[in-house]
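Below is coords.cif, which holds mmCIF, C-alpha atoms.
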```
data_query
#
loop_
_atom_site.label_atom_id
_atom_site.label_comp_id
_atom_site.auth_asym_id
_atom_site.auth_seq_id
_atom_site.Cartn_x
_atom_site.Cartn_y
_atom_site.Cartn_z
CA MET M 174 10.70 -41.16 102.82
CA THR M 175 9.59 -44.77 103.17
CA PRO M 176 10.18 -47.25 100.31
CA ALA M 177 6.39 -47.51 99.82
CA ARG M 178 6.03 -43.70 99.53
CA LYS M 179 8.97 -43.57 97.06
CA LYS M 180 7.23 -46.18 94.94
CA LEU M 181 3.95 -44.21 95.04
CA PHE M 182 5.81 -41.07 93.99
CA ARG M 183 7.51 -42.90 91.10
CA VAL M 184 4.22 -44.41 89.92
CA ALA M 185 2.47 -41.04 90.18
CA LEU M 186 5.05 -39.43 87.93
CA THR M 187 4.38 -41.83 85.05
CA VAL M 188 2.28 -39.11 83.47
CA PRO M 189 3.37 -36.72 80.73
CA VAL M 190 5.35 -34.48 83.07
CA LEU M 191 7.60 -33.33 80.28
CA GLY M 192 5.05 -32.25 77.71
CA LEU M 193 6.45 -28.72 77.72
CA ALA M 194 8.91 -29.56 74.96
CA ALA M 195 6.12 -30.17 72.49
CA LEU M 196 5.13 -26.51 72.25
CA GLY M 197 4.54 -25.17 68.74
CA ALA M 198 6.73 -22.75 66.81
CA SER M 199 4.34 -19.94 65.88
CA PRO M 200 2.13 -17.54 67.83
CA GLN M 201 -0.90 -19.79 67.27
CA ILE M 202 -0.75 -23.07 65.40
CA GLU M 203 -2.34 -26.48 65.35
CA ALA M 204 0.24 -28.62 67.12
CA GLN M 205 0.83 -32.34 67.35
CA VAL M 206 1.44 -32.05 71.08
CA LEU M 207 3.22 -35.09 72.50
CA SER M 208 2.85 -36.85 69.16
CA GLY M 209 4.39 -40.28 69.54
CA HIS M 210 5.43 -39.71 73.16
CA ASN M 211 4.84 -42.65 75.47
CA SER M 212 3.32 -40.99 78.54
CA ASP M 213 3.12 -44.43 80.21
CA ALA M 214 6.91 -44.79 80.18
CA PRO M 215 8.58 -44.85 83.59
CA VAL M 216 9.80 -41.52 84.95
CA ASP M 217 13.26 -41.23 86.42
CA TYR M 218 14.09 -38.27 88.61
CA ALA M 219 17.10 -37.00 90.47
CA ALA M 220 17.65 -33.96 92.69
CA ASP M 221 19.95 -32.85 95.43
CA ARG M 222 17.01 -33.04 97.85
CA ILE M 223 13.47 -34.44 97.94
CA GLU M 224 10.90 -33.54 100.56
CA LEU M 225 7.48 -35.12 100.91
CA GLN M 226 5.03 -32.67 102.51
CA ASP M 227 2.07 -34.93 103.33
CA LYS M 228 -0.06 -32.27 105.04
CA GLN M 229 0.28 -29.95 102.03
CA ASN M 230 -0.18 -32.82 99.55
CA ARG M 231 3.00 -32.04 97.66
CA VAL M 232 6.49 -33.26 96.92
CA VAL M 233 9.33 -30.75 96.51
CA LEU M 234 12.44 -31.58 94.50
CA THR M 235 15.27 -29.04 94.85
CA GLY M 236 18.78 -28.59 93.53
CA ASN M 237 19.71 -29.73 90.03
CA VAL M 238 16.33 -31.33 89.38
CA ASP M 239 16.48 -33.70 86.41
CA VAL M 240 13.35 -35.57 85.32
CA LYS M 241 13.33 -37.95 82.33
CA GLN M 242 10.53 -39.83 80.62
CA ALA M 243 11.34 -41.69 77.41
CA GLU M 244 12.96 -39.07 75.13
CA LEU M 245 11.77 -36.06 77.15
CA ARG M 246 13.90 -34.33 79.78
CA LEU M 247 13.09 -31.52 82.25
CA ARG M 248 15.77 -29.68 84.19
CA ALA M 249 15.14 -26.95 86.77
CA ALA M 250 16.38 -25.66 90.11
CA ARG M 251 13.13 -26.60 91.87
CA THR M 252 10.02 -28.64 91.11
CA VAL M 253 6.82 -28.85 93.17
CA VAL M 254 4.41 -31.73 92.52
CA ASN M 255 0.91 -31.10 93.94
CA PHE M 256 -1.29 -34.16 94.39
CA THR M 257 -4.46 -35.45 95.96
CA ASN M 258 -4.23 -38.45 98.23
CA ALA M 259 -7.64 -40.11 98.16
CA GLY M 260 -6.45 -43.70 98.44
CA SER M 261 -3.78 -43.26 95.77
CA MET M 262 -1.58 -40.38 94.73
CA GLN M 263 -3.09 -38.36 91.84
CA ILE M 264 -0.99 -35.53 90.40
CA GLN M 265 -2.89 -32.24 89.99
CA ARG M 266 -0.12 -29.85 88.97
CA ILE M 267 3.62 -29.76 88.44
CA THR M 268 5.42 -26.43 88.77
CA ALA M 269 9.08 -26.18 87.77
CA SER M 270 11.06 -23.00 88.48
CA GLY M 271 14.57 -21.65 88.21
CA GLY M 272 15.98 -21.90 84.71
CA VAL M 273 13.48 -24.43 83.36
CA VAL M 274 14.83 -26.32 80.33
CA VAL M 275 12.78 -28.98 78.56
CA THR M 276 14.27 -30.95 75.69
CA ARG M 277 12.89 -33.45 73.25
CA SER M 278 14.82 -34.54 70.21
CA ASP M 279 15.96 -31.29 68.53
CA GLU M 280 13.50 -29.03 70.38
CA VAL M 281 14.41 -26.97 73.44
CA ALA M 282 11.88 -24.97 75.47
CA THR M 283 13.12 -22.63 78.20
CA GLY M 284 11.52 -20.29 80.70
CA ASP M 285 11.67 -19.03 84.25
CA VAL M 286 8.63 -21.14 85.25
CA GLY M 287 6.86 -24.13 83.69
CA ILE M 288 3.41 -25.26 84.90
CA TYR M 289 1.49 -28.36 83.86
CA ASP M 290 -2.14 -28.31 85.04
CA PHE M 291 -3.30 -31.93 84.77
CA ASN M 292 -7.00 -31.14 85.35
CA GLN M 293 -7.19 -28.49 82.62
CA LYS M 294 -4.64 -30.28 80.40
CA ILE M 295 -2.78 -27.01 79.87
CA ILE M 296 0.97 -26.43 79.88
CA THR M 297 2.20 -22.87 80.49
CA MET M 298 5.73 -21.48 80.41
CA THR M 299 6.31 -17.93 81.65
CA GLY M 300 9.18 -15.50 82.02
CA ASN M 301 11.59 -15.25 79.10
CA ALA M 302 9.87 -18.20 77.43
CA THR M 303 11.61 -19.45 74.29
CA ILE M 304 11.25 -22.42 71.99
CA LYS M 305 14.03 -23.40 69.61
CA ARG M 306 13.93 -26.13 67.01
CA GLY M 307 16.88 -27.76 65.31
CA ASN M 308 15.91 -26.27 61.93
CA GLY M 309 16.46 -22.75 63.32
CA ASP M 310 12.83 -21.86 64.10
CA THR M 311 12.62 -19.78 67.28
CA LEU M 312 9.70 -18.29 69.21
CA ARG M 313 10.06 -15.84 72.12
CA GLY M 314 7.34 -14.49 74.39
CA GLY M 315 6.57 -13.69 77.97
CA ARG M 316 4.05 -16.53 78.11
CA LEU M 317 3.66 -19.70 76.05
CA VAL M 318 0.54 -21.85 76.45
CA VAL M 319 -0.30 -25.30 75.07
CA ASP M 320 -3.89 -26.53 75.33
CA LEU M 321 -3.55 -30.31 75.15
CA LYS M 322 -7.29 -30.78 74.53
CA SER M 323 -7.48 -28.59 71.41
CA GLY M 324 -3.87 -28.97 70.28
CA VAL M 325 -3.48 -25.20 69.94
CA SER M 326 -0.30 -23.46 71.10
CA SER M 327 -0.12 -19.70 71.62
CA ALA M 328 2.39 -17.06 72.71
CA SER M 329 1.89 -13.58 74.16
CA GLY M 330 3.51 -10.76 76.10
CA GLY M 331 7.12 -10.78 75.00
CA GLN M 332 9.54 -7.83 74.78
CA GLY M 333 7.38 -4.68 74.83
CA GLY M 334 4.26 -6.85 74.92
CA ARG M 335 5.09 -8.42 71.55
CA VAL M 336 5.98 -11.93 70.44
CA SER M 337 9.04 -12.41 68.23
CA GLY M 338 10.74 -15.23 66.44
CA THR M 339 12.55 -16.55 63.42
CA PHE M 340 11.23 -19.05 60.87
CA SER M 341 13.52 -20.91 58.52
CA VAL M 342 12.69 -20.96 54.82
CA PRO M 343 13.07 -24.33 53.12
CA LYS M 344 15.72 -24.39 50.41
CA GLN M 345 14.45 -25.25 46.98
CA ASN M 346 16.47 -27.32 44.49
CA GLY M 347 17.82 -25.33 41.57
CA ASN M 348 17.15 -21.85 43.05
#
```
Will you turn the file into structure tokens for me?
Amino acid sequence: MTPARKKLFRVALTVPVLGLAALGASPQIEAQVLSGHNSDAPVDYAADRIELQDKQNRVVLTGNVDVKQAELRLRAARTVVNFTNAGSMQIQRITASGGVVVTRSDEVATGDVGIYDFNQKIITMTGNATIKRGNGDTLRGGRLVVDLKSGVSSASGGQGGRVSGTFSVPKQNGN
């Protein structure tokens, strides 16, 4: 990969690639998705291998993929970045697969696959999708979806077609 192409790839990734960690903690809630996250922050990435596939308009990162932007971090076995190349690289979709783990602060989102559709502004995690928060809240489902436009997060299709989880109850003084 030429130095100019590497720079284009780095610049193109300065978008909220790691928004998966901001998923909500109930089957459907109003969420402050990416609240306070600086999506203009530089993105650092590392992988065992990177392959630019110009004819397919994609970049493939494989082997111990680690992507960081500000306080957000995405780890996976493989990540495919689909883009258009009409004068400058514009990311259309990022698909991470193979033990996807996204962390932000005390939140951890996991799944078999994580997809960020930049055109629709929707983040989807599928396959054993789980969100855990530091306070003990947990949500499990087969599919977790965050609509960045409306701020609504939803879960569906877990074990036996049901969604499950645990919510912590705040302790009250004197009781």
Return as number ranges by chain the set of residues that the PyMOL selection byres ((chain M and resi 336) around 12) yields on the displayed structure.
M: 198-201, 301-304, 311-317, 327-335, 337-339
Carefully work through the PyMOL selection byres ((chain M and resi 305-307) around 6) for this structure and note down the residues it includes, as a PyMOL selection string.
chain M and resi 279-281+304+308-311
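The gap separating atom CA of Leu245 of chain M from atom CA of Ser278 of chain M is 7.7 Å, in Å to one decimal.
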Let me know the centre plus edge lengths, in Å and rounded to one decimal, of a box with edges along x, y and z that contains all listed atoms of segment 244-255 of chain M and is padded by 3 Å on every side, as JSON.
```
{"center_x": 8.6, "center_y": -32.4, "center_z": 84.5, "size_x": 21.5, "size_y": 19.4, "size_z": 24.8}
```
As a ChimeraX atom specification, please: the residues near segment 247-253 of chain M (cut-off 8 Å, only C-alpha atoms, same-chain neighbours under 3 positions excluded).
/M:191,231-241,267-276
